[in-house]
Amino acid sequence: MTSERSPHDGTGHLTLDDVARILRERIESGELEGGSPMPTQALLVQEFEVQRSVVRQALRILQQEGLLTEVTRGSPARVAARSSRTEAADGTPRPTMVALGPRIRAAFGADDVRIDALCLTAESLNAAVGEERTLIHTPGSTPSTITVRVLLPKRDIDLAFPRMIGDSEEPDPVHRRWLAQRDAQGIVLSDHLRGLGAVHGIDVDIRFKALPFTPPVKLYLLNGTEALFAYYQVTEREERIGPEPVAMYDALGGVSPLFSFGAGDGQARRDHAFVVQSQAWFDALWTTIATDLVLG
């Protein structure tokens, strides 16, 4: 392994963020495989030419991100299994906005990327794909195809959430806002992927369909080998929409803890079955009750 010198501090020496970034990239690329031991802290100190405290702090950052386990002063840390990386070191699933990006990044390591998503809006997926778009720089690191299917609620259904609390003779402002967000996030997601395809010569196919119900959960299926699942956290709150504050039932999808289930070799049978059944459920919705959706 060779280290990379960062120009950011003007000295040619690696910073804490540099060390964490380089190790993170090695883990996500598969250069450091899940379950394998990390190089010792002494070897990392020698490679990066930094103080041991810098290496130790970088390892702790990766542990907090769920990428490493067994970070101690003794034996070398271990790379977390891919199916557990949406969880923190103590096994607690992390919020969607934190956990989804690394999993999308790992999924983009495949030659043929396939992502299926069921959600209220594409906000979290959009953020994760947008981040991935900024990380791809060379043709050799790009997939050949990207296929994305997204299931979203229909525009004219009576949503369980988000919605205004109480009756009103006026159109629900919460529903209008959700609809604007649904369409805007979907359009930006499409633009991100098509822009990625245009720059790097990737064959991109992205489609949207509408569901006649409010999904109580969000689901992301990655390359047929991983299912990421979260319950929408429904809350009662008040927010100003227009001239007056509006009481509403809302779902904070970005903070919903994301659970990961893997279907690859060596995964538990229950995890494998969950991925297979989740994919079958999504496919059934897509081919039966879902209808074509044109955003905007």
# chains A, B, ... in the order shown; residues from 1 in each chain; ligands from 1
>>> select_by_dssp(residues="segment 6-195 of chain A", states="alpha helix (DSSP H)", output="MDAnalysis selection string")
chainID A and resid 16:29 41:48 52:64 96:107 123:135 173:195
>>> closest_atom_pairs(of="segment 14-123 of chain A", to="segment 172-192 of chain A", cutoff="6 Å", atoms="only C-alpha atoms", output="tab-separated table")
residue	atom	partner	partner_atom	distance
A:Thr121	CA	A:Arg182	CA	4.7
A:Ala122	CA	A:Gln185	CA	5.5
A:Glu123	CA	A:Gln185	CA	5.6
>>> closest_residue(among="A:Asp116, A:Val54, A:Ser260, A:Leu293", to="Ala280 of chain A", atoms="only C-alpha atoms")
A:Asp116
>>> residues_around(residues="Leu59 of chain A", least_positions_apart="6", cutoff="9 Å", atoms="only C-alpha atoms", output="PyMOL selection string")
chain A and resi 19-20+23+68+71+77
>>> write_last_selection(atoms="C-alpha atoms", output="PDB file, in the first residue's frame")
ATOM      1  CA  VAL A  19      -5.519   9.215   7.091  1.00  0.00           C
ATOM      2  CA  ALA A  20      -9.191   8.438   7.815  1.00  0.00           C
ATOM      3  CA  LEU A  23      -8.285   4.021   4.977  1.00  0.00           C
ATOM      4  CA  LEU A  68     -14.058  -1.145  11.809  1.00  0.00           C
ATOM      5  CA  VAL A  71     -10.285  -0.944  17.843  1.00  0.00           C
ATOM      6  CA  ALA A  77      -8.657  -3.602  14.365  1.00  0.00           C
TER       7      ALA A  77
END
>>> closest_residue(among="A:Val246, A:Ile165, A:Leu295, A:Leu151", to="Trp281 of chain A", atoms="only C-alpha atoms")
A:Leu151
>>> residues_around(residues="Glu25 of chain A", least_positions_apart="3", cutoff="12 Å", atoms="only C-alpha atoms", output="PyMOL selection string")
chain A and resi 3-4+18-22+28-33+62+67+102+105-106+109+135
>>> closest_residue(among="A:Glu226, A:Glu49, A:Asp158, A:Glu170", to="Phe213 of chain A", atoms="only C-alpha atoms")
A:Asp158
>>> select_by_dssp(residues="segment 47-208 of chain A", states="strand (DSSP E)", output="MDAnalysis selection string")
chainID A and resid 68:69 78:79 112:118 145:153 163:164 203:208
>>> closest_residue(among="A:Gly201, A:Gly296, A:Gly166, A:Gly101", to="Leu228 of chain A", atoms="only C-alpha atoms")
A:Gly101
>>> residues_around(residues="Arg114 of chain A", least_positions_apart="4", cutoff="7 Å", atoms="only C-alpha atoms", output="PyMOL selection string")
chain A and resi 146-148+222-223
>>> residues_around(residues="Leu120 of chain A", least_positions_apart="6", cutoff="8 Å", atoms="only C-alpha atoms", output="number ranges by chain")
A: 152-153, 182, 214-215, 218
>>> closest_residue(among="A:Asp203, A:Met248, A:Leu44, A:Asp167", to="Asp112 of chain A", atoms="only C-alpha atoms")
A:Asp203
>>> residues_around(residues="Pro257 of chain A", least_positions_apart="2", cutoff="6 Å", atoms="only C-alpha atoms", output="MDAnalysis selection string")
chainID A and resid 93:96 230
